[in-house]
$ cat protein.cif   # mmCIF, C-alpha atoms
data_model
#
loop_
_atom_site.label_atom_id
_atom_site.label_comp_id
_atom_site.auth_asym_id
_atom_site.auth_seq_id
_atom_site.Cartn_x
_atom_site.Cartn_y
_atom_site.Cartn_z
CA MET R 124 143.28 115.37 43.34
CA TYR R 125 146.06 114.24 41.00
CA ARG R 126 147.05 110.59 40.65
CA ILE R 127 150.65 109.38 40.69
CA VAL R 128 150.89 106.93 37.78
CA LYS R 129 154.63 106.25 37.97
CA LYS R 130 157.38 106.59 40.57
CA VAL R 131 161.07 105.84 39.98
CA ALA R 132 164.06 106.50 42.23
CA LEU R 133 166.73 107.97 39.92
CA ASN R 134 169.34 107.94 42.69
CA PRO R 135 169.25 107.84 46.51
CA THR R 136 167.99 111.44 46.81
CA VAL R 137 166.22 112.15 43.50
CA THR R 138 162.82 110.78 42.45
CA LEU R 139 160.85 110.90 39.20
CA MET R 140 157.05 110.93 39.21
CA ASP R 141 154.50 110.94 36.40
CA ILE R 142 151.39 112.82 37.48
CA GLU R 143 147.99 112.54 35.82
CA ALA R 144 147.21 116.19 35.05
CA PRO R 145 145.67 116.48 31.57
CA PHE R 146 144.96 120.22 31.64
CA VAL R 147 148.53 121.01 32.65
CA ALA R 148 149.96 118.55 30.11
CA ARG R 149 147.90 120.18 27.36
CA LYS R 150 149.61 123.58 27.83
CA ALA R 151 153.03 122.73 29.30
CA LYS R 152 156.23 123.74 27.52
CA PRO R 153 159.94 123.22 28.32
CA GLY R 154 161.25 125.72 30.85
CA GLN R 155 157.97 126.09 32.73
CA PHE R 156 157.10 124.85 36.20
CA ILE R 157 154.20 123.79 38.40
CA ILE R 158 153.34 124.39 42.05
CA LEU R 159 152.01 121.48 44.07
CA ARG R 160 150.75 120.60 47.54
CA VAL R 161 151.12 117.04 48.76
CA ASP R 162 148.02 117.32 50.95
CA GLU R 163 145.53 119.94 52.08
CA ASP R 164 147.70 120.96 55.04
CA GLY R 165 150.92 121.07 53.03
CA GLU R 166 153.04 123.96 51.82
CA ARG R 167 153.23 125.01 48.19
CA ILE R 168 156.46 124.11 46.40
CA PRO R 169 157.56 124.81 42.81
CA LEU R 170 158.89 121.99 40.62
CA THR R 171 159.99 122.20 37.01
CA VAL R 172 158.10 120.35 34.29
CA ALA R 173 160.66 117.69 33.38
CA ASP R 174 158.55 116.23 30.56
CA PHE R 175 154.95 115.85 29.43
CA ASP R 176 152.73 113.67 27.27
CA ARG R 177 149.78 115.60 25.90
CA GLU R 178 147.96 112.50 24.61
CA LYS R 179 148.16 110.62 27.90
CA GLY R 180 147.66 113.75 30.01
CA ILE R 181 150.83 113.07 31.99
CA VAL R 182 153.31 115.55 33.45
CA THR R 183 156.69 114.36 34.68
CA ILE R 184 158.34 115.95 37.70
CA ILE R 185 161.76 115.20 39.15
CA PHE R 186 162.59 116.35 42.66
CA GLN R 187 165.40 116.15 45.18
CA ILE R 188 164.53 115.25 48.76
CA VAL R 189 165.72 118.25 50.76
CA GLY R 190 162.94 119.30 53.13
CA GLY R 191 159.76 118.15 54.81
CA THR R 192 157.50 118.55 51.77
CA THR R 193 159.73 116.66 49.36
CA GLU R 194 160.13 113.95 52.00
CA ARG R 195 156.34 113.66 52.27
CA LEU R 196 156.01 113.60 48.48
CA ASN R 197 158.61 110.84 48.26
CA HIS R 198 156.54 108.68 50.62
CA LYS R 199 153.66 108.75 48.16
CA GLU R 200 153.37 105.64 45.97
CA GLU R 201 151.95 104.85 42.53
CA GLY R 202 148.16 104.98 42.57
CA GLU R 203 148.04 107.51 45.40
CA TYR R 204 147.10 111.17 44.98
CA ILE R 205 148.47 114.63 45.70
CA ALA R 206 146.14 117.49 46.56
CA ASP R 207 147.14 120.29 44.16
CA PHE R 208 149.08 120.50 40.91
CA VAL R 209 148.89 124.00 39.40
CA GLY R 210 150.44 125.12 36.14
CA PRO R 211 152.05 125.53 33.78
CA LEU R 212 153.63 128.66 35.26
CA GLY R 213 156.46 130.90 34.10
CA LYS R 214 157.72 131.63 30.61
CA ALA R 215 158.72 128.81 28.28
CA THR R 216 162.20 128.45 26.79
CA ASN R 217 162.66 130.24 23.47
CA VAL R 218 164.06 127.58 21.11
CA GLU R 219 163.53 129.46 17.86
CA GLY R 220 166.27 130.75 15.56
CA LYS R 221 169.26 128.89 17.03
CA LYS R 222 171.62 126.80 14.86
CA LYS R 223 173.81 125.41 17.64
CA VAL R 224 173.49 125.57 21.42
CA ALA R 225 175.26 124.17 24.45
CA VAL R 226 173.06 122.96 27.29
CA VAL R 227 174.84 122.71 30.63
CA GLY R 228 173.24 120.88 33.55
CA GLY R 229 174.44 120.22 37.06
CA GLY R 230 173.07 117.68 39.53
CA VAL R 231 169.29 117.68 39.85
CA GLY R 232 169.30 120.74 37.58
CA CYS R 233 169.67 118.24 34.74
CA ALA R 234 165.96 117.50 35.23
CA ILE R 235 165.33 121.04 34.02
CA ALA R 236 168.05 121.06 31.40
CA TYR R 237 166.89 117.85 29.69
CA PRO R 238 163.50 119.09 28.37
CA VAL R 239 165.26 122.22 27.13
CA ALA R 240 167.84 120.15 25.24
CA LYS R 241 165.06 117.95 23.86
CA ALA R 242 163.03 120.97 22.68
CA PHE R 243 166.03 122.47 20.88
CA ALA R 244 166.76 119.14 19.17
CA GLU R 245 163.15 118.73 18.06
CA ASN R 246 163.35 122.23 16.57
CA GLY R 247 166.32 121.24 14.41
CA THR R 248 169.04 122.85 16.52
CA ILE R 249 172.41 121.15 16.98
CA VAL R 250 172.70 120.43 20.70
CA HIS R 251 175.88 119.84 22.65
CA SER R 252 175.21 118.91 26.27
CA VAL R 253 177.49 119.00 29.29
CA ILE R 254 176.15 117.42 32.46
CA GLY R 255 177.98 117.21 35.77
CA PHE R 256 177.54 115.38 39.06
CA ARG R 257 179.55 114.96 42.25
CA THR R 258 179.93 111.21 41.73
CA LYS R 259 178.75 108.32 39.54
CA ASP R 260 176.01 107.29 42.00
CA LEU R 261 174.23 110.62 41.46
CA VAL R 262 174.06 110.53 37.64
CA ILE R 263 170.54 110.93 36.21
CA LEU R 264 169.01 111.13 32.71
CA GLU R 265 172.16 110.12 30.83
CA ASP R 266 170.30 108.12 28.17
CA GLU R 267 167.76 110.91 27.67
CA PHE R 268 170.54 113.47 27.11
CA LYS R 269 172.24 111.14 24.63
CA LYS R 270 169.08 111.01 22.53
CA ALA R 271 168.68 114.79 22.54
CA SER R 272 172.33 115.70 21.95
CA GLU R 273 174.65 115.44 18.98
CA ARG R 274 177.44 115.45 21.53
CA LEU R 275 177.32 114.72 25.26
CA VAL R 276 180.13 115.28 27.76
CA MET R 277 179.75 113.68 31.20
CA MET R 278 181.63 115.16 34.15
CA THR R 279 182.03 114.02 37.77
CA ASP R 280 183.87 115.88 40.50
CA ASP R 281 185.70 112.73 41.64
CA GLY R 282 186.28 111.19 38.19
CA SER R 283 184.20 108.11 39.02
CA TYR R 284 182.32 108.45 35.72
CA GLY R 285 182.95 110.32 32.50
CA GLU R 286 185.64 112.98 32.76
CA LYS R 287 187.00 114.28 36.04
CA GLY R 288 186.33 117.93 36.69
CA VAL R 289 183.59 120.53 36.62
CA VAL R 290 181.26 121.54 33.79
CA THR R 291 183.18 124.74 33.04
CA ASN R 292 186.20 122.61 32.09
CA ALA R 293 184.15 120.71 29.50
CA LEU R 294 182.38 123.80 28.17
CA GLU R 295 185.65 125.67 27.66
CA MET R 296 187.08 122.62 25.90
CA LEU R 297 184.14 122.62 23.46
CA ILE R 298 184.52 126.36 22.84
CA LYS R 299 188.26 126.06 22.21
CA GLU R 300 187.58 123.24 19.74
CA GLY R 301 185.97 125.90 17.56
CA ASN R 302 182.29 125.32 18.31
CA GLU R 303 180.37 128.54 17.80
CA TYR R 304 177.28 128.53 19.99
CA ASP R 305 174.39 130.89 19.46
CA GLU R 306 173.50 130.39 23.10
CA VAL R 307 174.51 128.51 26.22
CA VAL R 308 171.68 127.39 28.50
CA CYS R 309 172.88 126.62 32.00
CA ILE R 310 170.80 125.06 34.77
CA GLY R 311 172.00 123.77 38.13
CA PRO R 312 173.38 124.98 41.46
CA VAL R 313 173.62 128.76 41.63
CA ILE R 314 177.38 128.67 42.19
CA MET R 315 177.78 126.54 39.06
CA MET R 316 175.67 128.91 36.95
CA LYS R 317 177.70 131.85 38.25
CA PHE R 318 181.00 130.40 37.02
CA VAL R 319 179.56 129.18 33.71
CA CYS R 320 178.34 132.73 33.07
CA LYS R 321 181.73 134.13 34.05
CA LEU R 322 183.32 131.86 31.44
CA THR R 323 180.84 132.58 28.65
CA LYS R 324 181.08 136.31 29.26
CA GLU R 325 184.81 136.09 28.47
CA TYR R 326 183.94 134.49 25.13
CA GLY R 327 180.98 136.77 24.40
CA ILE R 328 178.41 133.96 24.24
CA LYS R 329 174.81 134.71 25.14
CA THR R 330 173.90 132.67 28.23
CA THR R 331 170.52 131.88 29.73
CA VAL R 332 170.08 130.52 33.26
CA SER R 333 167.01 129.07 34.98
CA MET R 334 166.57 130.43 38.51
CA ASN R 335 164.77 128.57 41.27
CA PRO R 336 164.61 130.91 44.30
CA ILE R 337 162.27 130.71 47.26
CA MET R 338 158.72 130.80 45.89
CA ILE R 339 155.28 130.85 47.50
CA ASP R 340 152.31 131.84 45.33
CA GLY R 341 153.79 131.67 41.82
CA THR R 342 151.85 134.68 40.55
CA GLY R 343 154.21 137.55 41.37
CA MET R 344 152.21 138.85 44.34
CA CYS R 345 154.24 137.59 47.32
CA GLY R 346 157.66 138.77 46.15
CA GLY R 347 159.37 135.75 47.65
CA CYS R 348 161.12 134.81 44.41
CA ARG R 349 162.62 138.22 43.73
CA LEU R 350 166.00 138.48 42.05
CA THR R 351 168.21 141.33 40.95
CA VAL R 352 168.78 141.18 37.20
CA GLY R 353 170.62 144.01 35.50
CA GLY R 354 170.16 146.16 38.60
CA GLU R 355 166.37 145.70 38.53
CA THR R 356 164.12 143.57 40.72
CA LYS R 357 162.57 140.66 38.85
CA PHE R 358 160.25 137.86 39.96
CA ALA R 359 161.25 134.37 38.86
CA CYS R 360 157.66 133.12 38.77
CA VAL R 361 156.36 135.63 36.21
CA ASP R 362 159.43 137.26 34.65
CA GLY R 363 161.31 133.96 34.44
CA PRO R 364 162.37 131.44 35.49
CA GLU R 365 164.92 132.02 32.70
CA PHE R 366 167.09 135.14 32.67
CA ASP R 367 170.16 136.57 30.98
CA GLY R 368 172.89 134.96 33.08
CA HIS R 369 175.30 137.83 32.52
CA LEU R 370 172.91 140.17 34.33
CA VAL R 371 171.90 138.04 37.34
CA ASP R 372 173.23 138.96 40.80
CA PHE R 373 174.24 135.41 41.76
CA ASP R 374 175.78 136.38 45.10
CA GLU R 375 172.49 137.86 46.28
CA ALA R 376 170.60 134.80 45.00
CA MET R 377 172.91 132.42 46.88
CA LYS R 378 172.53 134.38 50.09
CA ARG R 379 168.73 134.41 49.88
CA GLY R 380 168.59 130.75 48.86
CA ALA R 381 170.42 129.68 52.00
CA THR R 382 168.02 131.50 54.35
CA TYR R 383 165.88 128.47 55.23
CA ARG R 384 168.42 125.68 54.75
CA GLU R 385 168.57 124.72 58.43
CA PHE R 386 164.78 124.87 58.70
CA GLU R 387 164.37 122.61 55.65
CA ALA R 388 166.76 120.04 57.12
CA ALA R 389 164.92 120.10 60.46
CA GLU R 390 161.52 119.69 58.78
CA ARG R 391 162.77 116.76 56.73
CA GLU R 392 164.08 115.07 59.89
CA LYS R 393 160.73 115.65 61.58
CA VAL R 394 158.82 114.05 58.69
CA CYS R 395 161.25 111.11 58.57
CA ASN R 396 160.72 110.47 62.26
CA LEU R 397 156.95 110.71 61.82
CA PHE R 398 156.93 108.03 59.12
CA LYS R 399 159.22 105.82 61.21
CA MET R 400 156.79 106.03 64.11
CA GLU R 401 153.87 105.11 61.84
CA VAL R 402 155.74 102.05 60.55
CA GLU R 403 156.67 100.91 64.06
#
$ encode --input "protein.cif" --output "structure tokens"
Amino acid sequence: MYRIVKKVALNPTVTLMDIEAPFVARKAKPGQFIILRVDEDGERIPLTVADFDREKGIVTIIFQIVGGTTERLNHKEEGEYIADFVGPLGKATNVEGKKKVAVVGGGVGCAIAYPVAKAFAENGTIVHSVIGFRTKDLVILEDEFKKASERLVMMTDDGSYGEKGVVTNALEMLIKEGNEYDEVVCIGPVIMMKFVCKLTKEYGIKTTVSMNPIMIDGTGMCGGCRLTVGGETKFACVDGPEFDGHLVDFDEAMKRGATYREFEAAEREKVCNLFKMEVE
């Protein structure tokens, strides 16, 4: 059992939790993920390691409430426990040998992008960050990105905060200003990563994306997280989750990612109704 030591609502649909998991905290690195179960009867879901404190034995996760499991997790409070917390899994981000990078995050994907930006900064790399959200109310981790970035550009679709527009607008602006990036790291909605990669390919900039497909066991055996990368089948849990964005088949990934969307919404509604009944 793993104790929840902190819970904070970052916005109406995104929650941060600090989990007491000393063995995971001891080995965790930016770019990796964990798989958890809320209770013994629950499903396994992957969540990225948003941060960690090796001395305190704490691992931070940030999740968006989209289905039944994340709804159940969000009903847990500080001092309560979750059943399983397995990790770290996947390959860590390679932060070595880069002089200047651009880290691009979109929506809840910023929870994955932040530890990457922080790791680059701690390694002496100049970090420019671009983070985008639909509206001001959904902004998360702004202060954390400011600390990790020499330059931060905020974007919102409706212009309610920062600059109006999408992250590709800001990234192209930075490139045209003469910034020469050794790498762009892009993490967010698949459609966003697709268009960032389309842009960076035009400028010949190496681009890494973090993929979060459907995942079950996290060890490469089930095949649920398969992707096509450079014409070959890869598994996000063991070969990734980071891949060369110019080689990823994003259209296939979007199609597979939408397979259970209606089911997830129905399960979330079912869990919400269950908790309402318990309260009444």
$ residues_around --input "protein.cif" --residues "Tyr237 in chain R" --least-positions-apart "6" --cutoff "12 Å" --atoms "all atoms listed in the file" --output "PyMOL selection string"
chain R and resi 153-154+171-174+183-185+216+225-231+243-244+250-254+263-272+275+308-311
$ residues_around --input "protein.cif" --residues "Tyr204 in chain R" --least-positions-apart "4" --cutoff "9 Å" --atoms "all atoms listed in the file" --output "PyMOL selection string"
chain R and resi 124-127+142+161-162+199-200
$ resolve_selection --input "protein.cif" --expression "the PyMOL selection byres ((chain R and resi 322-332) around 8)" --output "list of chain:residue names"
R:Thr291, R:Glu295, R:Tyr304, R:Asp305, R:Glu306, R:Val307, R:Val308, R:Cys309, R:Ile310, R:Met316, R:Phe318, R:Val319, R:Cys320, R:Lys321, R:Ser333, R:Met334, R:Glu365, R:Phe366, R:Asp367, R:Gly368, R:His369
$ atom_distance --input "protein.cif" --atom1 "CA of Lys214 in chain R" --atom2 "CA of Gly180 in chain R"
20.5 Å
$ residues_around --input "protein.cif" --residues "range 257-260 of chain R" --least-positions-apart "3" --cutoff "8 Å" --atoms "only C-alpha atoms" --output "VMD selection string"
chain R and resid 134 230 279 to 284
$ atom_distance --input "protein.cif" --atom1 "CA of Arg195 in chain R" --atom2 "CA of Cys233 in chain R"
22.5 Å
$ closest_residue --input "protein.cif" --among "R:Ile181, R:Ile188, R:Val276, R:Leu350" --to "Lys129 in chain R" --atoms "all atoms listed in the file"
R:Ile181
